[in-house]
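Asker: For reference, the structure I am asking about is given below.
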Amino acid sequence: MTDFSLSRRDWLLLTGLMLTDPARGAFPSRSALAAADEPAAPAIAPLNRFPRMVQEYFVRRVRAIERESLTRLDSLQTRADAENYVQDVREKIRQSFGEFPEKTPLNPRVTNTIERDAYRIENVIFESRPGFLVTANLYVPNGLTRPAPGVVGSCGHSLNGKAAEAYQSFAQGLARQGYVCLVFDPIGQGERFQYVDEQLRSRYGGGVREHLHGGNQQFLVGEFFGAWRAWDGIRALDYLLTREEVDPAHVGITGNSGGGTMTTWLCGVEQRWTMAAPSCFVTTFRRNLENELPADTEQCPPKVLALGLDHADFLAALAPRPTIILAKERDYFDVRGSQEALRRLKKLYRLLDAENEIRLFIGPTEHGYTQENREAMYRHFNRVTQVSRAAKEPELVIEPDQTLWCAPEGQVAKLGSKTVFDFTREASRALSRSPARKVDLEAPPEKFQNRLRSVLKFSPPPEKPYYRILRAIGNRKYPLPFFTTYAVETEPGIQAIVYRLDKERIYSRPPQAPTRAILYVAHRSSDAELREEPLLKTLIDNAGDAVVYTCDVRGIGESLPNTCGENSFDSEYGCDYFYAAHSIMLDEPYLGQKTRDVLAVLNWLKATGHESVHLVGKGWGALAATFAALLHDAVVEVTLKNALSSYTEVAETEHYEWPLAQILPDVLRHFDLPECYDRLSGSKNLKFIDPWRMEAHK
């Protein structure tokens, strides 16, 4: 989670986050950065009459899911009910995270040993997947005469990973109390940067940005970055249990923030833990959504909301084993949600005769694995293992990062480790050769339409959508002097905003005349593109007897959200990403929802008398237009400008530029965009203008 208060220029310089050019979506140039501090030329204020629409839609959806889940939890009456609940959430978590790979040899090696007064540190490298190196520090107490309890430590978003002070601190504290503790570097942090330059620095700054860049891309091939992160934790446990110093009857998991996420997920996917202590993460999905708090890709499991799961359910999967939720009073992870999670788990544990085995500790300060939270974790683990009675954290000595390095120069890239991208590219290439991907262009369109619907995952739009007529607005300097705005309800709480362009003013419903229509699906904003896009002027000039309409689907233009901070849309961690991630958790891709909006507008046009439609899409709008054209019989002609050339190109370009909102999870298992374009070329006279290719944006 990121919480900065910076000028626009400082934010751009610090993060390099994407500012999407209305025409093409490129990264900002140096001249654009220089202009960021210059006064903007006078401009027409953008139209945005529905800025909270998307936020409130998702809030309603998630609140309804939560109510249904709580009703089920409230219905539990017996121990058998509770046991069935635990088995059910375990199965649902498997559905969300998917199948893990087969376990392969860890090939562990110790690259250095550091002797200290009460323990030693072994710098360890193992392979969680073939060729995929994990760096870790193993803290082993001196003088062990019998196997000791073991703990896996999962790091939060520290750039130096396991060497960060908080994570060294709990590892040292545990070792001084008699625990063997293994702390490993997360992907994209510490010694495991995935995108390194010649100086072995992360090209994206490490941490959050590497997680987003690699994780968003993985969705195309049906992978979930959180499952990859969790798999590293499972293999870390596998390594810990190979050590003769460790007692397998007592193995715990703890971590903070992003490591608290992984601790929570690992409770759900791995049943060998005997105790757990997630810190600064556990709340509820609803609280995070209502509070407009974006989360990394790995913190947004596919289908998790559709399956009715919440943070507490991942801990329930480990019930009735001893677990303590560590929270903070002044954290951005809402402590009210932590309390709600405890209440839900208390009932479950009570039915399992283990009410005292689920606890909550709330530290008084801000987000972080600070001493008071670490001491609460020690007390919890000591209560379970009886290995120590220490009430306070022992004295610590923080090591320099270099002391804890496992790889040469502190990066596994020097050892030739494979990267997440290497695996994504391999998976994409394998899928492109799969017989299941072959599309028969001679087959009936219904066959491909069914395949398309299965990936888009939306319910049919209304045949005759309800619509509002919005009050007229003055001159916007469009190519025609007048326009009428219609808010077409594509589903409850969602309106697609449609402009009708005319030479004379219309105050009411569209004239009920059987004329042709041209529908332009905007890239970013119909309002801006009507002034700036040459294609629209050409369409209007050559429309003949056709009526020209434009469309803003949800989340752009007139419904551009004003959430997740000020003007956050173009941030990789902003509102557009936020709703795309929640759509994946709802198992309803954001792009599928946008396609549904276009289909509803096409139904509306047909209901007003337009029997044939020339569908035009630009940039991001071109994808929703493509899918809608394949599914709607009123579309007789298609023009696409700056349409993405292929999803394969995104999946196989290391430094790609494409937002999560325009990605379809697992699409490459089923089809790619060229197969869609081929069908439109054969049936709907497709015109393809200046396709959007990855190399054009490097």
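Identifiers in this document derive from the order of the structure tokens: chains are assigned A, B, ..., residues are numbered from 1 separately in each chain, and ligands are numbered from 1 in order of occurrence.
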Which of stretch 180-297 of chain A end up as strand (DSSP E) when DSSP is run on this backbone - answer as a list in words?
Answerer: Val180, Cys181, Leu182, Val183, Phe184, Val246, Asp247, Pro248, Ala249, His250, Val251, Gly252, Ile253, Thr254, Gly255, Asn256, Met275, Ala276, Ala277, Pro278 and Ser279 of chain A
Asker: Might you pull out every residue within 7 Å of A:Phe333, with only C-alpha atoms counted and same-chain residues fewer than 2 positions away left off, and present them as a short mmCIF file (atom, residue, chain, number, x, y, z; two decimals) with N, CA, C and O atoms, in the first residue's frame?
Answerer:
data_model
loop_
_atom_site.label_atom_id
_atom_site.label_comp_id
_atom_site.auth_asym_id
_atom_site.auth_seq_id
_atom_site.Cartn_x
_atom_site.Cartn_y
_atom_site.Cartn_z
N CYS A 280 -0.71 -6.87 10.30
CA CYS A 280 -1.00 -5.71 9.46
C CYS A 280 -1.50 -6.10 8.08
O CYS A 280 -0.98 -5.65 7.05
N PHE A 281 -2.52 -6.95 8.05
CA PHE A 281 -3.19 -7.26 6.80
C PHE A 281 -4.65 -7.62 7.01
O PHE A 281 -5.53 -7.12 6.33
N THR A 283 -8.25 -7.85 7.54
CA THR A 283 -9.40 -6.97 7.75
C THR A 283 -10.54 -7.63 6.98
O THR A 283 -10.75 -8.83 7.12
N ASP A 331 -3.39 1.94 11.42
CA ASP A 331 -3.04 1.33 10.14
C ASP A 331 -4.03 1.74 9.06
O ASP A 331 -5.19 2.07 9.36
N VAL A 335 -8.79 -1.43 11.18
CA VAL A 335 -8.83 -2.30 12.36
C VAL A 335 -10.26 -2.74 12.67
O VAL A 335 -10.46 -3.79 13.30
#
Asker: Between A:Phe483, A:Tyr239, A:Phe58, A:Phe285, which is the closest to A:Phe126 once you count only C-alpha atoms?
Answerer: A:Tyr239
Asker: For stretch 497-511 of chain A, work out the shell of residues within 10 Å, counting only C-alpha atoms and skipping chain neighbours fewer than 6 positions away, then give it as a ChimeraX atom specification.
Answerer: /A:49-50,467-472,478-489,517-521,526-527,530,540,547-554,556-559,597,601,605,608-609
Asker: So, counting only C-alpha atoms, which residue among A:Arg286, A:Arg531, A:Arg90, A:Lys418 is closest to A:Phe132?
Answerer: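 With only C-alpha atoms as the atom set, the closest residue is A:Lys418.
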Asker: Tell me which protein, DNA and RNA residues are within 7 Å of A:Asn216, counting only C-alpha atoms, leaving out same-chain ones fewer than 3 positions away, and put them as a ChimeraX atom specification.
Answerer: /A:212-213,219,297,660
Asker: Take the selection from the previous step and output its residues with C-alpha atoms, as a PDB file, in the first residue's frame.
Answerer:
ATOM      1  CA  LEU A 212       1.949  -5.368 -10.582  1.00  0.00           C
ATOM      2  CA  HIS A 213       4.003  -5.605 -13.752  1.00  0.00           C
ATOM      3  CA  PHE A 219      -3.414 -13.310 -15.790  1.00  0.00           C
ATOM      4  CA  THR A 297      -2.002  -8.179  -7.629  1.00  0.00           C
ATOM      5  CA  LEU A 660      -5.107  -4.584 -16.129  1.00  0.00           C
TER       6      LEU A 660
END
Asker: So which one's closest to A:Ala607, A:Asn112, A:Gln512, A:Gln217, A:Ser417? Using only C-alpha atoms, please.
Answerer: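 The closest residue to A:Ala607 is A:Gln512.
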Asker: Have a look at A:Pro46, A:Gly255, A:Gly493, A:Gly268 and name the one nearest to A:Leu318; count only C-alpha atoms.
Answerer: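 With only C-alpha atoms as the atom set, the closest residue is A:Gly268.
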Asker: Please determine, counting only C-alpha atoms, which residue among A:Arg203, A:His157, A:Lys687, A:Arg287 has the shortest atom-to-atom distance to A:Gly259.
Answerer: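 Closest to A:Gly259 of all the choices is A:His157.
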Asker: Just list the residues in stretch 221-254 of chain A DSSP gives alpha helix (DSSP H) on the backbone, as a list in words.
Answerer: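 Put together, the selection reads Phe225, Gly226, Ala227, Trp228, Arg229, Ala230, Trp231, Asp232, Gly233, Ile234, Arg235, Ala236, Leu237, Asp238, Tyr239, Leu240, Leu241 and Thr242 of chain A.
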Asker: Measuring atom to atom with only C-alpha atoms, identify which of A:Phe314, A:Trp692, A:Tyr577, A:Trp265 is nearest to A:Gly233.
Answerer: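 With only C-alpha atoms as the atom set, the closest residue is A:Trp265.
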Asker: Would you list the contacts of stretch 176-179 of chain A as an mmCIF file with all heavy atoms, in the first residue's frame, taking every protein, DNA or RNA residue within 6 Å and counting only C-alpha atoms, but skipping same-chain residues closer than 5 positions in sequence?
Answerer:
data_model
loop_
_atom_site.group_PDB
_atom_site.id
_atom_site.type_symbol
_atom_site.label_atom_id
_atom_site.label_comp_id
_atom_site.auth_asym_id
_atom_site.auth_seq_id
_atom_site.Cartn_x
_atom_site.Cartn_y
_atom_site.Cartn_z
ATOM 1 N N PRO A 141 19.423 -21.273 16.527
ATOM 2 C CA PRO A 141 19.966 -21.031 17.875
ATOM 3 C C PRO A 141 21.205 -21.887 18.136
ATOM 4 O O PRO A 141 21.287 -23.046 17.684
ATOM 5 C CB PRO A 141 18.818 -21.435 18.801
ATOM 6 C CG PRO A 141 17.593 -21.401 17.943
ATOM 7 C CD PRO A 141 18.037 -21.765 16.565
ATOM 8 N N ALA A 148 14.030 -28.017 17.526
ATOM 9 C CA ALA A 148 13.361 -26.815 18.034
ATOM 10 C C ALA A 148 12.185 -26.447 17.136
ATOM 11 O O ALA A 148 12.131 -26.838 15.965
ATOM 12 C CB ALA A 148 14.354 -25.653 18.088
ATOM 13 N N PRO A 149 11.227 -25.674 17.655
ATOM 14 C CA PRO A 149 10.151 -25.187 16.796
ATOM 15 C C PRO A 149 10.711 -24.363 15.631
ATOM 16 O O PRO A 149 11.732 -23.672 15.775
ATOM 17 C CB PRO A 149 9.314 -24.309 17.727
ATOM 18 C CG PRO A 149 9.652 -24.768 19.104
ATOM 19 C CD PRO A 149 11.075 -25.212 19.047
ATOM 20 N N GLY A 150 10.050 -24.447 14.500
ATOM 21 C CA GLY A 150 10.475 -23.695 13.325
ATOM 22 C C GLY A 150 9.431 -22.663 12.934
ATOM 23 O O GLY A 150 8.242 -22.856 13.151
ATOM 24 N N SER A 388 9.862 -20.848 25.419
ATOM 25 C CA SER A 388 10.447 -19.716 26.129
ATOM 26 C C SER A 388 9.362 -19.031 26.938
ATOM 27 O O SER A 388 8.169 -19.138 26.631
ATOM 28 C CB SER A 388 11.068 -18.725 25.135
ATOM 29 O OG SER A 388 11.460 -17.534 25.787
#
Asker: Can you list, as number ranges by chain, every protein, DNA or RNA residue that comes within 12 Å of A:Lys92 when you count only C-alpha atoms, leaving out same-chain residues fewer than 4 positions away?
Answerer: A: 85-88, 96-98, 268-269, 301-310, 313-314, 316-317
Asker: Report, in Å with one decimal, the straight-line distance from atom CA of A:Asn142 to atom CA of A:Ala391.
Answerer: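 So the answer is 20.6 Å.
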Asker: Any idea what's packed within 8 Å of stretch 646-650 of chain A, counting only C-alpha atoms, ignoring anything in its chain fewer than 2 positions away? Could you give it as a PyMOL selection string?
Answerer: chain A and resi 217+220+428+644+652-653+656-658+668+672-674+693-694
Asker: Could you write out the selected residues, including N, CA and C atoms, as a CSV table (one decimal), in the first residue's frame?
Answerer:
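And here's result-v8.csv as it stands now:
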chain,number,residue,atom,x,y,z
A,217,GLN,N,0.4,-9.3,-16.0
A,217,GLN,CA,0.7,-10.1,-17.2
A,217,GLN,C,0.4,-11.5,-17.1
A,220,LEU,N,-3.0,-13.3,-18.2
A,220,LEU,CA,-3.3,-13.7,-19.6
A,220,LEU,C,-3.1,-15.2,-19.8
A,428,SER,N,2.8,-18.7,-22.6
A,428,SER,CA,2.1,-18.2,-23.7
A,428,SER,C,2.4,-18.9,-25.0
A,644,LEU,N,-5.4,-3.1,-29.9
A,644,LEU,CA,-4.3,-3.9,-29.5
A,644,LEU,C,-4.2,-5.0,-30.6
A,652,GLU,N,4.2,-11.8,-24.1
A,652,GLU,CA,5.6,-12.1,-24.5
A,652,GLU,C,6.5,-10.9,-24.7
A,653,THR,N,6.1,-9.8,-24.2
A,653,THR,CA,6.9,-8.6,-24.1
A,653,THR,C,7.3,-8.3,-22.7
A,656,TYR,N,6.2,-4.6,-21.3
A,656,TYR,CA,4.9,-4.2,-22.0
A,656,TYR,C,4.3,-3.0,-21.3
A,657,GLU,N,3.3,-2.4,-22.0
A,657,GLU,CA,2.5,-1.3,-21.4
A,657,GLU,C,1.1,-1.5,-21.8
A,658,TRP,N,0.3,-2.1,-20.9
A,658,TRP,CA,-1.1,-2.4,-21.1
A,658,TRP,C,-1.7,-2.5,-19.7
A,668,LEU,N,-5.6,-16.5,-23.2
A,668,LEU,CA,-4.8,-17.2,-24.2
A,668,LEU,C,-4.9,-18.7,-24.2
A,672,ASP,N,-7.0,-15.6,-29.2
A,672,ASP,CA,-6.3,-14.3,-29.2
A,672,ASP,C,-7.0,-13.4,-30.1
A,673,LEU,N,-6.7,-12.1,-30.0
A,673,LEU,CA,-7.4,-11.1,-30.8
A,673,LEU,C,-7.3,-11.3,-32.3
A,674,PRO,N,-6.2,-11.7,-32.9
A,674,PRO,CA,-6.2,-11.9,-34.3
A,674,PRO,C,-7.4,-12.8,-34.8
A,693,ARG,N,0.7,-1.7,-31.1
A,693,ARG,CA,1.7,-2.8,-30.9
A,693,ARG,C,2.7,-2.4,-29.8
A,694,MET,N,3.2,-3.4,-29.1
A,694,MET,CA,4.0,-3.2,-27.9
A,694,MET,C,5.3,-2.4,-28.2
Asker: Please compute the atom CA of A:Asp570-atom CA of A:Phe225 distance, one decimal, in Å.
Answerer: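 Atom-to-atom, atom CA of A:Asp570 to atom CA of A:Phe225, that is 22.1 Å.
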Asker: Figure out the distance between atom CA of A:Phe671 and atom CA of A:Ala427, please, to one decimal in Å.
Answerer: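 Between these atoms lies a distance of 14.0 Å.
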